[in-house]
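What follows is the content of final32.pdb (PDB, C-alpha atoms, pLDDT in the B column).
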ATOM      1  CA  MET X   1      85.246 -75.643 -19.732  1.00 74.00           C
ATOM      2  CA  ILE X   2      84.093 -72.083 -19.203  1.00 89.00           C
ATOM      3  CA  LEU X   3      80.373 -72.141 -19.964  1.00 94.00           C
ATOM      4  CA  ILE X   4      80.084 -68.473 -20.888  1.00 96.00           C
ATOM      5  CA  PRO X   5      83.357 -66.897 -22.108  1.00 97.00           C
ATOM      6  CA  ASP X   6      83.723 -63.102 -21.927  1.00 97.00           C
ATOM      7  CA  GLU X   7      82.758 -62.467 -25.572  1.00 97.00           C
ATOM      8  CA  LEU X   8      79.480 -64.406 -25.254  1.00 97.00           C
ATOM      9  CA  ARG X   9      78.840 -62.943 -21.795  1.00 97.00           C
ATOM     10  CA  ALA X  10      79.073 -59.421 -23.252  1.00 97.00           C
ATOM     11  CA  ARG X  11      76.560 -60.296 -25.998  1.00 97.00           C
ATOM     12  CA  LEU X  12      74.164 -61.894 -23.490  1.00 98.00           C
ATOM     13  CA  LEU X  13      74.411 -58.864 -21.170  1.00 97.00           C
ATOM     14  CA  ALA X  14      73.793 -56.457 -24.075  1.00 97.00           C
ATOM     15  CA  ASN X  15      70.677 -58.416 -25.069  1.00 97.00           C
ATOM     16  CA  GLY X  16      69.484 -58.469 -21.449  1.00 96.00           C
ATOM     17  CA  ALA X  17      69.976 -54.717 -21.122  1.00 95.00           C
ATOM     18  CA  ALA X  18      68.008 -53.883 -24.284  1.00 92.00           C
ATOM     19  CA  GLU X  19      65.417 -51.220 -23.521  1.00 89.00           C
ATOM     20  CA  ILE X  20      62.840 -52.607 -25.928  1.00 90.00           C
ATOM     21  CA  GLU X  21      61.602 -56.175 -26.017  1.00 89.00           C
ATOM     22  CA  THR X  22      63.424 -57.938 -28.833  1.00 92.00           C
ATOM     23  CA  ASP X  23      63.272 -61.420 -30.292  1.00 95.00           C
ATOM     24  CA  HIS X  24      67.008 -62.040 -29.964  1.00 96.00           C
ATOM     25  CA  VAL X  25      68.924 -64.728 -31.787  1.00 96.00           C
ATOM     26  CA  PRO X  26      70.269 -67.288 -29.273  1.00 97.00           C
ATOM     27  CA  VAL X  27      73.849 -66.536 -28.293  1.00 98.00           C
ATOM     28  CA  VAL X  28      74.857 -69.847 -26.750  1.00 98.00           C
ATOM     29  CA  LYS X  29      73.709 -73.469 -26.620  1.00 98.00           C
ATOM     30  CA  LEU X  30      74.409 -75.459 -23.463  1.00 98.00           C
ATOM     31  CA  PHE X  31      73.707 -79.165 -23.011  1.00 97.00           C
ATOM     32  CA  ASN X  32      74.032 -82.052 -20.606  1.00 95.00           C
ATOM     33  CA  PRO X  33      76.480 -84.521 -22.217  1.00 94.00           C
ATOM     34  CA  VAL X  34      74.932 -87.471 -20.350  1.00 92.00           C
ATOM     35  CA  GLY X  35      71.273 -86.419 -20.459  1.00 91.00           C
ATOM     36  CA  ALA X  36      68.599 -84.818 -22.548  1.00 91.00           C
ATOM     37  CA  ALA X  37      68.731 -81.261 -21.157  1.00 96.00           C
ATOM     38  CA  THR X  38      69.510 -78.423 -23.579  1.00 98.00           C
ATOM     39  CA  TRP X  39      69.393 -74.635 -23.264  1.00 98.00           C
ATOM     40  CA  LEU X  40      69.404 -71.999 -26.033  1.00 98.00           C
ATOM     41  CA  LEU X  41      70.193 -68.752 -24.245  1.00 98.00           C
ATOM     42  CA  SER X  42      69.782 -65.235 -25.532  1.00 98.00           C
ATOM     43  CA  GLU X  43      70.013 -62.900 -22.528  1.00 98.00           C
ATOM     44  CA  LEU X  44      71.827 -62.414 -19.218  1.00 98.00           C
ATOM     45  CA  ASP X  45      70.489 -60.113 -16.503  1.00 97.00           C
ATOM     46  CA  ALA X  46      72.680 -57.466 -14.902  1.00 96.00           C
ATOM     47  CA  ASP X  47      73.010 -59.737 -11.831  1.00 97.00           C
ATOM     48  CA  GLY X  48      75.386 -61.846 -13.956  1.00 96.00           C
ATOM     49  CA  ASP X  49      73.543 -65.038 -13.042  1.00 97.00           C
ATOM     50  CA  THR X  50      70.022 -65.079 -14.488  1.00 98.00           C
ATOM     51  CA  LEU X  51      69.969 -66.321 -18.076  1.00 98.00           C
ATOM     52  CA  PHE X  52      66.891 -66.251 -20.320  1.00 98.00           C
ATOM     53  CA  GLY X  53      66.163 -68.529 -23.220  1.00 98.00           C
ATOM     54  CA  LEU X  54      64.597 -71.752 -24.404  1.00 98.00           C
ATOM     55  CA  CYS X  55      64.994 -74.461 -21.766  1.00 98.00           C
ATOM     56  CA  ASP X  56      64.468 -78.154 -22.470  1.00 98.00           C
ATOM     57  CA  LEU X  57      64.943 -80.560 -19.568  1.00 96.00           C
ATOM     58  CA  GLY X  58      64.092 -83.552 -21.734  1.00 94.00           C
ATOM     59  CA  PHE X  59      60.492 -84.110 -20.600  1.00 95.00           C
ATOM     60  CA  GLY X  60      58.897 -83.209 -23.942  1.00 94.00           C
ATOM     61  CA  PHE X  61      57.855 -79.681 -22.967  1.00 95.00           C
ATOM     62  CA  PRO X  62      60.551 -77.114 -23.807  1.00 97.00           C
ATOM     63  CA  GLU X  63      59.687 -73.629 -22.585  1.00 97.00           C
ATOM     64  CA  LEU X  64      60.941 -70.078 -22.534  1.00 97.00           C
ATOM     65  CA  GLY X  65      62.224 -69.139 -19.112  1.00 97.00           C
ATOM     66  CA  SER X  66      65.103 -68.292 -16.838  1.00 98.00           C
ATOM     67  CA  VAL X  67      67.893 -70.417 -15.442  1.00 98.00           C
ATOM     68  CA  SER X  68      70.715 -69.702 -13.006  1.00 98.00           C
ATOM     69  CA  LEU X  69      74.226 -69.779 -14.454  1.00 98.00           C
ATOM     70  CA  ALA X  70      75.592 -70.724 -11.009  1.00 97.00           C
ATOM     71  CA  GLU X  71      73.238 -73.715 -10.850  1.00 97.00           C
ATOM     72  CA  LEU X  72      74.231 -74.874 -14.335  1.00 97.00           C
ATOM     73  CA  GLN X  73      77.914 -74.582 -13.425  1.00 96.00           C
ATOM     74  CA  ALA X  74      77.311 -76.629 -10.253  1.00 95.00           C
ATOM     75  CA  VAL X  75      75.778 -79.626 -12.063  1.00 94.00           C
ATOM     76  CA  LYS X  76      77.961 -82.721 -11.859  1.00 91.00           C
ATOM     77  CA  GLY X  77      76.768 -85.880 -13.527  1.00 87.00           C
ATOM     78  CA  PRO X  78      78.305 -89.333 -13.896  1.00 85.00           C
ATOM     79  CA  LEU X  79      82.103 -89.318 -13.913  1.00 86.00           C
ATOM     80  CA  GLY X  80      82.008 -85.687 -12.790  1.00 88.00           C
ATOM     81  CA  LEU X  81      80.781 -84.442 -16.163  1.00 93.00           C
ATOM     82  CA  GLY X  82      79.110 -81.039 -16.064  1.00 95.00           C
ATOM     83  CA  ILE X  83      77.025 -78.966 -18.436  1.00 97.00           C
ATOM     84  CA  GLU X  84      78.906 -78.100 -21.632  1.00 97.00           C
ATOM     85  CA  ARG X  85      78.734 -75.455 -24.344  1.00 97.00           C
ATOM     86  CA  ASP X  86      78.169 -76.484 -27.955  1.00 97.00           C
ATOM     87  CA  LEU X  87      81.233 -74.953 -29.583  1.00 96.00           C
ATOM     88  CA  TYR X  88      79.783 -75.384 -33.077  1.00 96.00           C
ATOM     89  CA  PHE X  89      76.307 -73.908 -32.508  1.00 96.00           C
ATOM     90  CA  ARG X  90      75.522 -70.971 -34.800  1.00 95.00           C
ATOM     91  CA  ALA X  91      72.014 -69.576 -34.440  1.00 95.00           C
ATOM     92  CA  ARG X  92      70.319 -68.663 -37.702  1.00 92.00           C
ATOM     93  CA  PHE X  93      66.875 -67.734 -36.426  1.00 95.00           C
ATOM     94  CA  PRO X  94      65.398 -65.643 -33.608  1.00 95.00           C
ATOM     95  CA  LEU X  95      64.571 -67.419 -30.350  1.00 97.00           C
ATOM     96  CA  SER X  96      60.840 -67.480 -31.181  1.00 96.00           C
ATOM     97  CA  VAL X  97      61.530 -69.705 -34.199  1.00 96.00           C
ATOM     98  CA  TYR X  98      63.522 -72.193 -32.116  1.00 97.00           C
ATOM     99  CA  ALA X  99      60.711 -72.144 -29.513  1.00 97.00           C
ATOM    100  CA  GLU X 100      58.045 -72.858 -32.149  1.00 97.00           C
ATOM    101  CA  ALA X 101      60.127 -75.643 -33.718  1.00 97.00           C
ATOM    102  CA  ALA X 102      60.666 -77.128 -30.230  1.00 97.00           C
ATOM    103  CA  ARG X 103      56.913 -77.001 -29.599  1.00 96.00           C
ATOM    104  CA  ILE X 104      56.334 -78.950 -32.814  1.00 95.00           C
ATOM    105  CA  ALA X 105      59.129 -81.476 -32.175  1.00 96.00           C
ATOM    106  CA  GLY X 106      58.751 -81.805 -28.409  1.00 96.00           C
ATOM    107  CA  HIS X 107      62.425 -80.916 -27.921  1.00 97.00           C
ATOM    108  CA  ILE X 108      64.947 -78.305 -28.995  1.00 97.00           C
ATOM    109  CA  THR X 109      65.883 -79.006 -32.584  1.00 96.00           C
ATOM    110  CA  GLU X 110      68.169 -77.627 -35.247  1.00 95.00           C
ATOM    111  CA  ALA X 111      66.408 -79.523 -38.037  1.00 94.00           C
ATOM    112  CA  GLU X 112      66.314 -77.185 -41.028  1.00 91.00           C
ATOM    113  CA  ARG X 113      62.855 -78.301 -42.163  1.00 93.00           C
ATOM    114  CA  LEU X 114      61.267 -77.703 -38.739  1.00 95.00           C
ATOM    115  CA  LEU X 115      62.981 -74.348 -38.296  1.00 94.00           C
ATOM    116  CA  ARG X 116      61.789 -73.183 -41.727  1.00 93.00           C
ATOM    117  CA  GLN X 117      58.277 -74.441 -40.933  1.00 93.00           C
ATOM    118  CA  ALA X 118      58.313 -72.559 -37.619  1.00 95.00           C
ATOM    119  CA  ALA X 119      59.606 -69.368 -39.262  1.00 94.00           C
ATOM    120  CA  ALA X 120      56.841 -69.566 -41.870  1.00 93.00           C
ATOM    121  CA  ALA X 121      54.183 -70.134 -39.186  1.00 94.00           C
ATOM    122  CA  LEU X 122      55.438 -67.060 -37.315  1.00 93.00           C
ATOM    123  CA  GLU X 123      55.667 -65.104 -40.584  1.00 90.00           C
ATOM    124  CA  ILE X 124      59.352 -64.389 -40.009  1.00 87.00           C
ATOM    125  CA  PRO X 125      61.105 -63.778 -43.313  1.00 77.00           C
ATOM    126  CA  THR X 126      64.114 -65.948 -44.074  1.00 68.00           C
ATOM    127  CA  PRO X 127      65.475 -64.489 -47.347  1.00 48.00           C
ATOM    128  CA  GLU X 128      69.106 -64.842 -46.232  1.00 56.00           C
ATOM    129  CA  LEU X 129      68.798 -68.607 -45.956  1.00 52.00           C
ATOM    130  CA  PRO X 130      69.987 -70.871 -48.739  1.00 49.00           C
ATOM    131  CA  PRO X 131      67.292 -72.983 -50.405  1.00 51.00           C
ATOM    132  CA  ASP X 132      66.233 -76.044 -48.465  1.00 46.00           C
ATOM    133  CA  ARG X 133      68.234 -79.018 -49.751  1.00 46.00           C
ATOM    134  CA  ALA X 134      65.157 -81.242 -49.375  1.00 44.00           C
ATOM    135  CA  GLU X 135      63.083 -79.092 -51.734  1.00 39.00           C
TER     136      GLU X 135
END

Structure encoded using structure tokens:
Amino acid sequence: MILIPDELRARLLANGAAEIETDHVPVVKLFNPVGAATWLLSELDADGDTLFGLCDLGFGFPELGSVSLAELQAVKGPLGLGIERDLYFRARFPLSVYAEAARIAGHITEAERLLRQAAAALEIPTPELPPDRAE
């Protein structure tokens, strides 16, 4: 599997080249299919290798930082399985919201309740979201 297809690569590069600091929406979610590691990535540097985003290696302390695309592509786990891209991931919040929700949960999460709680704590408006089904 190609981790970063051309369309996503172009979006990541555009975010990385932005002249002003922006709280981008994650473009791609990568994960280890046989482990707990997950990455929500929003930017790619002009070097074509340095990705920026929310990195969770499964130790309970997700953090914003950089990771090498070449290193992710080189990972080979049991049975030769490598890092994969979540084909169904659709970001609905800026990266800061995912980071705050991960801080609360101790891992990257897509739980609607935690994401809404994080958005509210950061005072990020979410008018385009449908009402919470749990409410």

Counting all atoms listed in the file, the residue among X:Leu8, X:Val97, X:Cys55, X:Ala105 that lies closest to Glu123 in chain X is X:Val97

Nearest to Asp45 in chain X among X:Pro125, X:Pro94, X:Gly58, X:Gly16, with distances taken over all atoms listed in the file: which residue is it?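 For Asp45 in chain X, the nearest of the candidates is X:Gly16.
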
Evaluating the PyMOL selection byres ((chain X and resi 29) around 9) on the displayed file yields which residues, as a tab-separated table (two decimals) with C-alpha atoms, in the coordinates of the input?
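Result file part14.tsv:
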chain	number	residue	atom	x	y	z
X	26	PRO	CA	70.27	-67.29	-29.27
X	27	VAL	CA	73.85	-66.54	-28.29
X	28	VAL	CA	74.86	-69.85	-26.75
X	30	LEU	CA	74.41	-75.46	-23.46
X	31	PHE	CA	73.71	-79.17	-23.01
X	38	THR	CA	69.51	-78.42	-23.58
X	39	TRP	CA	69.39	-74.64	-23.26
X	40	LEU	CA	69.40	-72.00	-26.03
X	41	LEU	CA	70.19	-68.75	-24.24
X	84	GLU	CA	78.91	-78.10	-21.63
X	85	ARG	CA	78.73	-75.46	-24.34
X	86	ASP	CA	78.17	-76.48	-27.96
X	87	LEU	CA	81.23	-74.95	-29.58
X	89	PHE	CA	76.31	-73.91	-32.51
X	90	ARG	CA	75.52	-70.97	-34.80
X	91	ALA	CA	72.01	-69.58	-34.44

Give me the residues within 12 Å of Leu122 in chain X as a list in words, counting all atoms listed in the file and dropping any in the same chain fewer than 4 places off.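 Counting only the stated atoms, we get Asp23, Phe93, Pro94, Leu95, Ser96, Val97, Tyr98, Ala99, Glu100, Ala101, Leu115, Arg116, Gln117, Ala118 and Thr126 of chain X.
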
Could you save those same residues with C-alpha atoms as a PDB file, in the coordinates of the input?
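Dumped everything to selection.pdb:
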ATOM      1  CA  ASP X  23      63.272 -61.420 -30.292  1.00 95.00           C
ATOM      2  CA  PHE X  93      66.875 -67.734 -36.426  1.00 95.00           C
ATOM      3  CA  PRO X  94      65.398 -65.643 -33.608  1.00 95.00           C
ATOM      4  CA  LEU X  95      64.571 -67.419 -30.350  1.00 97.00           C
ATOM      5  CA  SER X  96      60.840 -67.480 -31.181  1.00 96.00           C
ATOM      6  CA  VAL X  97      61.530 -69.705 -34.199  1.00 96.00           C
ATOM      7  CA  TYR X  98      63.522 -72.193 -32.116  1.00 97.00           C
ATOM      8  CA  ALA X  99      60.711 -72.144 -29.513  1.00 97.00           C
ATOM      9  CA  GLU X 100      58.045 -72.858 -32.149  1.00 97.00           C
ATOM     10  CA  ALA X 101      60.127 -75.643 -33.718  1.00 97.00           C
ATOM     11  CA  LEU X 115      62.981 -74.348 -38.296  1.00 94.00           C
ATOM     12  CA  ARG X 116      61.789 -73.183 -41.727  1.00 93.00           C
ATOM     13  CA  GLN X 117      58.277 -74.441 -40.933  1.00 93.00           C
ATOM     14  CA  ALA X 118      58.313 -72.559 -37.619  1.00 95.00           C
ATOM     15  CA  THR X 126      64.114 -65.948 -44.074  1.00 68.00           C
TER      16      THR X 126
END

Range 22-40 of chain X, all listed atoms, 4 Å padding on each side: what axis-aligned box centre and edge lengths in Å to one decimal come out, as JSON?
{"center_x": 69.9, "center_y": -72.7, "center_z": -26.1, "size_x": 21.2, "size_y": 37.5, "size_z": 19.4}

Rank X:Met1, X:Ala18, X:Leu51, X:Leu57 by their smallest atom-to-atom distance to Leu69 in chain X, using all atoms listed in the file, and report the top residue only.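 Ranked by minimum distance to Leu69 in chain X, first place goes to X:Leu51.
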
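The coordinates place CA of Tyr88 in chain X at 22.9 Å from CA of Ala70 in chain X.
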
If you count only C-alpha atoms, the residue of X:Glu7, X:Glu112, X:Glu21, X:Glu71 closest to Asp49 in chain X turns out to be X:Glu71
